[in-house]
>>> print(open('input-v1.cif').read())   # mmCIF, C-alpha atoms
data_upload
loop_
_atom_site.label_atom_id
_atom_site.label_comp_id
_atom_site.auth_asym_id
_atom_site.auth_seq_id
_atom_site.Cartn_x
_atom_site.Cartn_y
_atom_site.Cartn_z
CA MET A 534 -28.21 -82.46 -108.79
CA LEU A 535 -28.19 -83.77 -112.34
CA LEU A 536 -28.54 -87.47 -113.10
CA PRO A 537 -27.99 -89.00 -116.56
CA PRO A 538 -31.19 -90.59 -117.92
CA LYS A 539 -29.83 -94.15 -117.48
CA VAL A 540 -29.01 -93.46 -113.82
CA ALA A 541 -32.34 -91.73 -113.19
CA HIS A 542 -34.23 -94.71 -114.60
CA GLY A 543 -32.08 -96.95 -112.40
CA VAL A 544 -33.17 -95.02 -109.33
CA ALA A 545 -36.79 -95.40 -110.43
CA ASP A 546 -36.51 -99.19 -110.81
CA GLY A 547 -34.35 -99.63 -107.70
CA THR A 548 -31.14 -100.82 -109.36
CA VAL A 549 -29.35 -97.55 -108.57
CA THR A 550 -29.34 -96.25 -105.01
CA LEU A 551 -26.06 -94.34 -104.82
CA ALA A 552 -24.25 -91.50 -106.52
CA PHE A 553 -20.74 -90.20 -105.97
CA ARG A 554 -19.76 -86.59 -106.56
CA ARG A 555 -16.78 -84.32 -105.94
CA TRP A 556 -17.98 -81.05 -104.42
CA ARG A 557 -16.36 -78.24 -102.48
CA ALA A 558 -19.52 -78.39 -100.38
CA PRO A 559 -22.51 -80.71 -100.79
CA ASP A 560 -24.94 -79.61 -103.50
CA VAL A 561 -27.83 -81.46 -101.85
CA ARG A 562 -29.05 -82.23 -98.34
CA PRO A 563 -30.87 -85.23 -96.88
CA GLY A 564 -34.57 -84.90 -97.55
CA SER A 565 -34.18 -82.71 -100.62
CA GLN A 566 -35.92 -83.76 -103.82
CA PHE A 567 -35.27 -83.02 -107.48
CA ARG A 568 -36.89 -83.89 -110.78
CA THR A 569 -35.31 -86.21 -113.35
CA VAL A 570 -36.43 -87.74 -116.63
CA ALA A 571 -37.64 -90.77 -114.63
CA GLY A 572 -39.55 -88.86 -111.96
CA VAL A 573 -38.77 -87.30 -108.60
CA VAL A 574 -35.67 -88.48 -106.72
CA ARG A 575 -35.16 -87.96 -102.98
CA VAL A 576 -31.80 -87.64 -101.23
CA GLU A 577 -31.69 -89.97 -98.22
CA ALA A 578 -28.14 -89.30 -96.97
CA VAL A 579 -24.98 -87.41 -97.90
CA GLU A 580 -21.60 -88.45 -96.51
CA GLU A 581 -18.01 -87.51 -97.31
CA VAL A 582 -15.97 -90.60 -98.22
CA ASP A 583 -12.46 -91.62 -99.23
CA PRO A 584 -12.60 -92.46 -102.95
CA ALA A 585 -10.05 -95.22 -102.40
CA ALA A 586 -12.52 -96.92 -100.04
CA ILE A 587 -15.36 -97.14 -102.58
CA THR A 588 -16.17 -100.83 -103.18
CA ASP A 589 -17.18 -102.58 -106.39
CA GLU A 590 -20.59 -103.23 -104.80
CA GLU A 591 -21.10 -99.52 -104.14
CA ALA A 592 -19.95 -98.69 -107.66
CA ALA A 593 -22.53 -101.11 -109.08
CA LEU A 594 -25.24 -99.45 -107.00
CA ALA A 595 -24.16 -96.14 -108.59
CA GLY A 596 -24.46 -97.59 -112.11
CA HIS A 597 -20.74 -98.20 -112.74
CA PRO A 598 -19.06 -101.50 -113.68
CA SER A 599 -16.38 -101.24 -110.99
CA ALA A 600 -14.96 -99.01 -108.31
CA ASP A 601 -11.94 -98.26 -110.51
CA ALA A 602 -14.24 -97.17 -113.34
CA LEU A 603 -16.18 -94.93 -110.95
CA ARG A 604 -13.01 -93.34 -109.59
CA ALA A 605 -11.84 -92.68 -113.15
CA ARG A 606 -15.04 -90.74 -113.83
CA LEU A 607 -14.82 -88.54 -110.74
CA ARG A 608 -13.39 -85.12 -111.46
CA ASP A 609 -9.65 -85.14 -110.88
CA ASP A 610 -9.24 -82.36 -108.36
CA ASP A 611 -8.83 -81.96 -104.63
CA ALA A 612 -12.53 -81.45 -103.86
CA PRO A 613 -13.95 -83.91 -101.32
CA THR A 614 -15.86 -86.95 -102.58
CA TYR A 615 -19.41 -87.43 -101.35
CA ARG A 616 -21.54 -90.56 -101.28
CA VAL A 617 -25.20 -89.71 -101.90
CA VAL A 618 -27.94 -92.22 -101.07
CA LEU A 619 -30.86 -91.86 -103.48
CA ALA A 620 -34.46 -93.13 -103.58
CA TRP A 621 -37.29 -92.75 -106.05
CA ALA A 622 -39.96 -90.46 -104.60
CA GLY A 623 -42.59 -90.90 -107.32
CA PRO A 624 -43.54 -89.71 -110.79
CA ASP A 625 -43.03 -86.13 -111.87
CA PRO A 626 -46.28 -84.37 -110.86
CA ARG A 627 -46.05 -82.27 -114.01
CA VAL A 628 -46.74 -85.40 -116.09
CA ALA A 629 -50.15 -85.96 -114.53
CA LEU A 630 -50.86 -82.23 -114.60
CA ARG A 631 -50.12 -81.83 -118.30
CA GLU A 632 -52.47 -84.70 -119.16
CA ASP A 633 -55.35 -83.09 -117.26
CA ALA A 634 -57.29 -81.30 -119.97
CA ASP A 635 -60.64 -81.23 -118.15
CA LEU A 636 -60.40 -77.58 -117.14
CA THR A 637 -63.05 -75.81 -115.11
CA ASP A 638 -63.64 -72.08 -115.32
CA ALA A 639 -61.72 -71.78 -112.06
CA ASP A 640 -58.78 -73.70 -113.56
CA VAL A 641 -58.67 -71.37 -116.55
CA ALA A 642 -58.84 -68.31 -114.31
CA ALA A 643 -56.02 -69.68 -112.14
CA ILE A 644 -53.79 -70.28 -115.17
CA ASP A 645 -54.67 -66.81 -116.49
CA ALA A 646 -53.54 -65.32 -113.19
CA ARG A 647 -50.27 -67.29 -113.14
CA LEU A 648 -49.41 -66.28 -116.69
CA GLU A 649 -50.28 -62.66 -116.03
CA ARG A 650 -47.89 -62.67 -113.06
CA LEU A 651 -45.13 -64.12 -115.25
CA ASP A 652 -45.77 -61.42 -117.84
CA ARG A 653 -45.68 -58.65 -115.23
CA ALA A 654 -42.41 -59.96 -113.80
CA SER A 655 -40.75 -60.15 -117.21
CA SER A 656 -37.99 -57.74 -118.24
CA HIS A 657 -38.84 -58.25 -121.90
CA GLY A 658 -42.57 -57.64 -121.89
CA PRO A 659 -45.53 -60.05 -122.08
CA TRP A 660 -44.35 -63.37 -123.46
CA THR A 661 -46.52 -66.21 -122.16
CA MET A 662 -49.31 -66.25 -124.74
CA ARG A 663 -46.94 -65.52 -127.62
CA THR A 664 -44.77 -68.45 -126.57
CA LEU A 665 -47.68 -70.85 -126.12
CA GLU A 666 -49.11 -69.93 -129.51
CA LEU A 667 -45.68 -70.25 -131.14
CA ILE A 668 -45.11 -73.73 -129.71
CA GLY A 669 -48.60 -74.79 -130.76
CA ARG A 670 -47.94 -73.56 -134.29
CA ARG A 671 -44.41 -74.97 -134.56
CA PRO A 672 -44.13 -78.19 -132.52
CA HIS A 673 -40.81 -80.07 -132.45
CA VAL A 674 -38.90 -77.07 -133.81
CA ARG A 675 -35.45 -76.35 -132.35
CA ALA A 676 -35.43 -73.86 -129.47
CA PRO A 677 -32.91 -71.53 -131.21
CA ASP A 678 -35.24 -71.27 -134.22
CA LEU A 679 -38.27 -70.55 -132.06
CA ALA A 680 -36.34 -67.97 -130.05
CA ALA A 681 -35.13 -66.25 -133.22
CA GLU A 682 -38.68 -66.00 -134.53
CA VAL A 683 -39.67 -63.85 -131.55
CA GLY A 684 -36.38 -61.94 -131.41
CA ARG A 685 -34.98 -63.60 -128.30
CA GLU A 686 -31.81 -65.39 -127.23
CA ARG A 687 -32.03 -69.17 -126.94
CA ASP A 688 -31.17 -69.65 -123.25
CA PRO A 689 -33.58 -67.05 -121.77
CA PHE A 690 -36.25 -68.39 -124.12
CA LYS A 691 -35.70 -71.94 -122.86
CA ILE A 692 -35.93 -70.76 -119.25
CA ASP A 693 -39.31 -69.19 -119.99
CA VAL A 694 -40.58 -72.36 -121.70
CA ARG A 695 -39.58 -74.29 -118.59
CA LYS A 696 -41.88 -72.03 -116.57
CA LEU A 697 -44.75 -73.03 -118.85
CA LYS A 698 -43.77 -76.68 -118.49
CA ASN A 699 -43.92 -76.33 -114.70
CA LEU A 700 -47.55 -75.26 -115.12
CA GLY A 701 -48.26 -78.40 -117.17
CA LEU A 702 -48.85 -76.43 -120.37
CA THR A 703 -45.97 -77.69 -122.53
CA VAL A 704 -43.98 -80.86 -123.12
CA SER A 705 -40.25 -81.01 -123.95
CA PHE A 706 -38.78 -83.37 -126.52
CA ASP A 707 -35.27 -84.18 -127.74
CA VAL A 708 -35.97 -81.56 -130.40
CA GLY A 709 -38.30 -78.72 -129.51
CA TYR A 710 -41.56 -78.66 -127.61
CA ASP A 711 -45.29 -79.13 -128.02
CA LEU A 712 -48.38 -78.06 -126.16
CA SER A 713 -49.63 -80.58 -123.63
CA PRO A 714 -53.29 -81.65 -123.62
CA ARG A 715 -53.73 -79.18 -120.75
CA GLY A 716 -52.02 -76.44 -122.75
CA ARG A 717 -54.26 -77.02 -125.76
CA ALA A 718 -57.37 -77.05 -123.58
CA TYR A 719 -56.26 -73.82 -121.94
CA LEU A 720 -55.70 -72.01 -125.24
CA ALA A 721 -59.13 -73.13 -126.41
CA ARG A 722 -60.77 -71.68 -123.29
CA THR A 723 -58.86 -68.54 -122.32
CA THR A 724 -59.80 -65.09 -123.50
CA ARG A 725 -56.19 -63.90 -123.28
CA SER A 726 -54.22 -63.39 -126.49
CA ALA A 727 -50.66 -62.61 -127.50
CA PRO A 728 -49.80 -58.91 -127.86
CA ASP A 729 -49.00 -57.59 -131.31
CA GLY A 730 -45.43 -56.89 -132.32
CA PRO A 731 -42.09 -58.50 -131.49
CA CYS A 732 -40.78 -59.10 -127.99
CA ARG A 733 -38.70 -56.28 -126.63
#
>>> encode(input="input-v1.cif", output="structure tokens")
Amino acid sequence: MLLPPKVAHGVADGTVTLAFRRWRAPDVRPGSQFRTVAGVVRVEAVEEVDPAAITDEEAALAGHPSADALRARLRDDDAPTYRVVLAWAGPDPRVALREDADLTDADVAAIDARLERLDRASSHGPWTMRTLELIGRRPHVRAPDLAAEVGRERDPFKIDVRKLKNLGLTVSFDVGYDLSPRGRAYLARTTRSAPDGPCR
């Protein structure tokens, strides 16, 4: 479930506790959690509702100025409308992880193993070290430009960078990426290196 940054920050500070969506079937279930720009959000309840019954108070709790404004923003189709109760579950654990640069030998070995598994599972050959080194060399450069440098399409490249972010090794920005403190510490310690030649 995607939340706009303003709504996500509202969930984090408690001013937003609801969301309304039109779905053929619910995209989320009570108890499920997802990451946002403001941290982890938990779904407390999901209930089908009549859009005409949405109140101004509920609309305000979903970050809208009025119920009419909320209804105007719902997709105009015959899919059911769902009322989703949201709560902030805590900060994104990747944030703390990426700031942890005090790596032990065991930490480095564990990251080595994770990256080796990603490389083995790849359909386009080893990519993890090449991508880390590229981001370290060209921080805040647009993803399409980075992808082109290694002969890849933008979207698959971005998916791979997200895998590195999940390990706390990179940070995303409005434009491009950079290595996290953990990522820089890892590159300084590991004995792995990028393979020669372009990606397949």
>>> atom_distance(input="input-v1.cif", atom1="atom CA of Gly701 of chain A", atom2="atom CA of Arg627 of chain A")
5.5 Å
>>> atom_distance(input="input-v1.cif", atom1="atom CA of Ala622 of chain A", atom2="atom CA of Ser599 of chain A")
26.7 Å
>>> closest_atom_pairs(input="input-v1.cif", of="segment 640-672 of chain A", to="segment 688-691 of chain A", cutoff="12 Å", atoms="all atoms listed in the file", output="tab-separated table")
residue	atom	partner	partner_atom	distance
A:Ser655	CA	A:Pro689	CA	10.9
A:Ser656	CA	A:Pro689	CA	10.9
A:His657	CA	A:Pro689	CA	10.3
A:Trp660	CA	A:Phe690	CA	9.6
A:Thr661	CA	A:Phe690	CA	10.7
A:Arg663	CA	A:Phe690	CA	11.6
A:Thr664	CA	A:Phe690	CA	8.9
A:Leu665	CA	A:Phe690	CA	11.9
A:Leu667	CA	A:Phe690	CA	11.9
A:Ile668	CA	A:Phe690	CA	11.8
>>> closest_residue(input="input-v1.cif", among="A:Ile587, A:Leu607, A:Val540, A:Ala558", to="Val574 of chain A", atoms="all atoms listed in the file")
A:Val540
>>> residues_around(input="input-v1.cif", residues="Ala629 of chain A", least_positions_apart="4", cutoff="12 Å", atoms="all atoms listed in the file", output="mmCIF file with C-alpha atoms, in the coordinates of the input")
data_model
loop_
_atom_site.group_PDB
_atom_site.id
_atom_site.type_symbol
_atom_site.label_atom_id
_atom_site.label_comp_id
_atom_site.auth_asym_id
_atom_site.auth_seq_id
_atom_site.Cartn_x
_atom_site.Cartn_y
_atom_site.Cartn_z
ATOM 1 C CA GLY A 572 -39.550 -88.860 -111.960
ATOM 2 C CA GLY A 623 -42.590 -90.900 -107.320
ATOM 3 C CA PRO A 624 -43.540 -89.710 -110.790
ATOM 4 C CA ASP A 625 -43.030 -86.130 -111.870
ATOM 5 C CA ASP A 633 -55.350 -83.090 -117.260
ATOM 6 C CA ALA A 634 -57.290 -81.300 -119.970
ATOM 7 C CA LYS A 698 -43.770 -76.680 -118.490
ATOM 8 C CA ASN A 699 -43.920 -76.330 -114.700
ATOM 9 C CA LEU A 700 -47.550 -75.260 -115.120
ATOM 10 C CA GLY A 701 -48.260 -78.400 -117.170
ATOM 11 C CA LEU A 702 -48.850 -76.430 -120.370
ATOM 12 C CA VAL A 704 -43.980 -80.860 -123.120
ATOM 13 C CA SER A 713 -49.630 -80.580 -123.630
ATOM 14 C CA PRO A 714 -53.290 -81.650 -123.620
ATOM 15 C CA ARG A 715 -53.730 -79.180 -120.750
#
>>> closest_residue(input="input-v1.cif", among="A:Val561, A:Leu636, A:Val674, A:Ala571", to="Gly543 of chain A", atoms="only C-alpha atoms")
A:Ala571
